[in-house]
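First the structure, in the form of structure tokens, and then the observations on it.
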Amino acid sequence: KEWRVYEYVARHFFASLMPDISYTEHKHIVKAGEHQFELVWHSIEDRGFLYSMPWKVKDYKLNEQFQQAPKELTRQGATVSIQDVVLEEEWTKPPEYLREADLISLMDKFGIGTDASIPMHIQTNVDRGYCMVCGPSEDEYSGAPGPRIFDGKGKGKGKGKGG
């Protein structure tokens, strides 16, 4: 882990010495009756400090999908025919409850607590009403039941950070 910290600090330092990102934002607006659609993409001329910190491109929300505009959209006032209209309706659902074993794995992964203190951290959150241990769930690997933990939806006694 120390190597990753060193690498980040070194990359940050090198990035501070590099030039800014240079890019052009392209925007095409298509009107179809009462509806308006926008196509926005970016062409990067100079990646600048992104060479040192490539993950930062997500912070700028740059859409690099197109190298150039679709030919139908290259001149203002061009007429575009609508080939097809599809209406799709889908629903989302919340993620499954977090199993206690998964929570412990995540805490271990991110260095939260020690093997001895992890159960105390979980119990503290349960005591404060931030989450609760609810009935058994089925382990996806063995099929054996195990405890589940779910969000307490803001319930708590106002203790801890931000409380």
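Residue numbering restarts at 1 in every chain; chains get A, B, ... in the order shown in the structure tokens, and ligands count up from 1 in that same order.
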Rows by chain and residue number, segment 36-101 of chain A within 10 Å of segment 4-15 of chain A, shortest pair, only C-alpha atoms, as JSON lines:
```
{"residue": "A:Gly48", "atom": "CA", "partner": "A:Ala15", "partner_atom": "CA", "distance": 8.0}
{"residue": "A:Phe49", "atom": "CA", "partner": "A:Ala15", "partner_atom": "CA", "distance": 4.6}
{"residue": "A:Leu50", "atom": "CA", "partner": "A:Ala15", "partner_atom": "CA", "distance": 7.4}
{"residue": "A:Tyr51", "atom": "CA", "partner": "A:Ala15", "partner_atom": "CA", "distance": 7.8}
{"residue": "A:Ser52", "atom": "CA", "partner": "A:Ala15", "partner_atom": "CA", "distance": 5.5}
{"residue": "A:Met53", "atom": "CA", "partner": "A:Arg11", "partner_atom": "CA", "distance": 6.4}
{"residue": "A:Pro54", "atom": "CA", "partner": "A:Arg11", "partner_atom": "CA", "distance": 10.0}
```
Using all heavy atoms, can you export the residues from the last selection as a PDB file, in the first residue's frame?
```pdb
ATOM      1  N   GLY A  48      -2.255  16.805 -21.869  1.00  0.00           N
ATOM      2  CA  GLY A  48      -1.614  17.529 -20.770  1.00  0.00           C
ATOM      3  C   GLY A  48      -1.339  16.639 -19.574  1.00  0.00           C
ATOM      4  O   GLY A  48      -0.742  15.575 -19.689  1.00  0.00           O
ATOM      5  N   PHE A  49      -1.795  17.082 -18.407  1.00  0.00           N
ATOM      6  CA  PHE A  49      -1.508  16.344 -17.175  1.00  0.00           C
ATOM      7  C   PHE A  49      -2.229  14.998 -17.101  1.00  0.00           C
ATOM      8  O   PHE A  49      -1.939  14.189 -16.224  1.00  0.00           O
ATOM      9  CB  PHE A  49      -1.830  17.187 -15.938  1.00  0.00           C
ATOM     10  CG  PHE A  49      -3.269  17.511 -15.747  1.00  0.00           C
ATOM     11  CD1 PHE A  49      -4.126  16.620 -15.134  1.00  0.00           C
ATOM     12  CD2 PHE A  49      -3.777  18.720 -16.199  1.00  0.00           C
ATOM     13  CE1 PHE A  49      -5.458  16.917 -14.956  1.00  0.00           C
ATOM     14  CE2 PHE A  49      -5.105  19.022 -16.022  1.00  0.00           C
ATOM     15  CZ  PHE A  49      -5.948  18.123 -15.405  1.00  0.00           C
ATOM     16  N   LEU A  50      -3.150  14.727 -18.036  1.00  0.00           N
ATOM     17  CA  LEU A  50      -3.820  13.423 -18.029  1.00  0.00           C
ATOM     18  C   LEU A  50      -2.851  12.280 -18.344  1.00  0.00           C
ATOM     19  O   LEU A  50      -3.124  11.132 -18.017  1.00  0.00           O
ATOM     20  CB  LEU A  50      -4.979  13.393 -19.026  1.00  0.00           C
ATOM     21  CG  LEU A  50      -6.193  14.225 -18.653  1.00  0.00           C
ATOM     22  CD1 LEU A  50      -7.245  14.135 -19.745  1.00  0.00           C
ATOM     23  CD2 LEU A  50      -6.778  13.795 -17.323  1.00  0.00           C
ATOM     24  N   TYR A  51      -1.715  12.604 -18.965  1.00  0.00           N
ATOM     25  CA  TYR A  51      -0.713  11.557 -19.195  1.00  0.00           C
ATOM     26  C   TYR A  51      -0.209  11.019 -17.866  1.00  0.00           C
ATOM     27  O   TYR A  51       0.095   9.839 -17.735  1.00  0.00           O
ATOM     28  CB  TYR A  51       0.471  12.095 -20.008  1.00  0.00           C
ATOM     29  CG  TYR A  51       0.161  12.272 -21.468  1.00  0.00           C
ATOM     30  CD1 TYR A  51       0.179  13.534 -22.042  1.00  0.00           C
ATOM     31  CD2 TYR A  51      -0.155  11.185 -22.272  1.00  0.00           C
ATOM     32  CE1 TYR A  51      -0.096  13.715 -23.379  1.00  0.00           C
ATOM     33  CE2 TYR A  51      -0.435  11.348 -23.610  1.00  0.00           C
ATOM     34  CZ  TYR A  51      -0.406  12.616 -24.161  1.00  0.00           C
ATOM     35  OH  TYR A  51      -0.690  12.778 -25.493  1.00  0.00           O
ATOM     36  N   SER A  52      -0.138  11.888 -16.869  1.00  0.00           N
ATOM     37  CA  SER A  52       0.343  11.465 -15.571  1.00  0.00           C
ATOM     38  C   SER A  52      -0.776  10.933 -14.676  1.00  0.00           C
ATOM     39  O   SER A  52      -0.547  10.065 -13.841  1.00  0.00           O
ATOM     40  CB  SER A  52       1.024  12.649 -14.880  1.00  0.00           C
ATOM     41  OG  SER A  52       1.656  12.242 -13.702  1.00  0.00           O
ATOM     42  N   MET A  53      -1.993  11.475 -14.850  1.00  0.00           N
ATOM     43  CA  MET A  53      -3.131  11.074 -14.015  1.00  0.00           C
ATOM     44  C   MET A  53      -4.326  10.734 -14.920  1.00  0.00           C
ATOM     45  O   MET A  53      -5.312  11.470 -14.959  1.00  0.00           O
ATOM     46  CB  MET A  53      -3.492  12.207 -13.044  1.00  0.00           C
ATOM     47  CG  MET A  53      -2.358  12.588 -12.121  1.00  0.00           C
ATOM     48  SD  MET A  53      -2.749  14.023 -11.103  1.00  0.00           S
ATOM     49  CE  MET A  53      -3.665  13.247  -9.793  1.00  0.00           C
ATOM     50  N   PRO A  54      -4.270   9.616 -15.647  1.00  0.00           N
ATOM     51  CA  PRO A  54      -5.319   9.308 -16.631  1.00  0.00           C
ATOM     52  C   PRO A  54      -6.709   9.123 -16.030  1.00  0.00           C
ATOM     53  O   PRO A  54      -7.709   9.340 -16.713  1.00  0.00           O
ATOM     54  CB  PRO A  54      -4.831   8.022 -17.299  1.00  0.00           C
ATOM     55  CG  PRO A  54      -3.818   7.454 -16.374  1.00  0.00           C
ATOM     56  CD  PRO A  54      -3.232   8.587 -15.609  1.00  0.00           C
TER      57      PRO A  54
END
```
Practice problem: Find the residues near Gly77 of chain A: any atom within 12 Å, counting only C-alpha atoms, skip ones fewer than 5 places away on the same chain, and give them as a list in words. | Solution: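 Once the adjacent positions are removed, what remains is His28, Ile29, Val30, Lys31 and Glu72 of chain A.
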Quiz item: Of the candidates A:Pro94, A:Glu45, A:Tyr60, A:Asp102, which shows the shortest atom-to-atom distance to Ser22 of chain A, using only C-alpha atoms?
Solution: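 Selected residue with least distance to Ser22 of chain A: A:Glu45.
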Quiz item: Can you list, as a ChimeraX atom specification, every protein, DNA or RNA residue that comes within 7 Å of Thr24 of chain A when you count only C-alpha atoms, leaving out same-chain residues fewer than 6 positions away?
Solution: /A:42-44
Quiz prompt | Between atom CA of Met107 of chain A and atom CA of Lys93 of chain A, distance in Å (one decimal) | solution = 24.8 Å
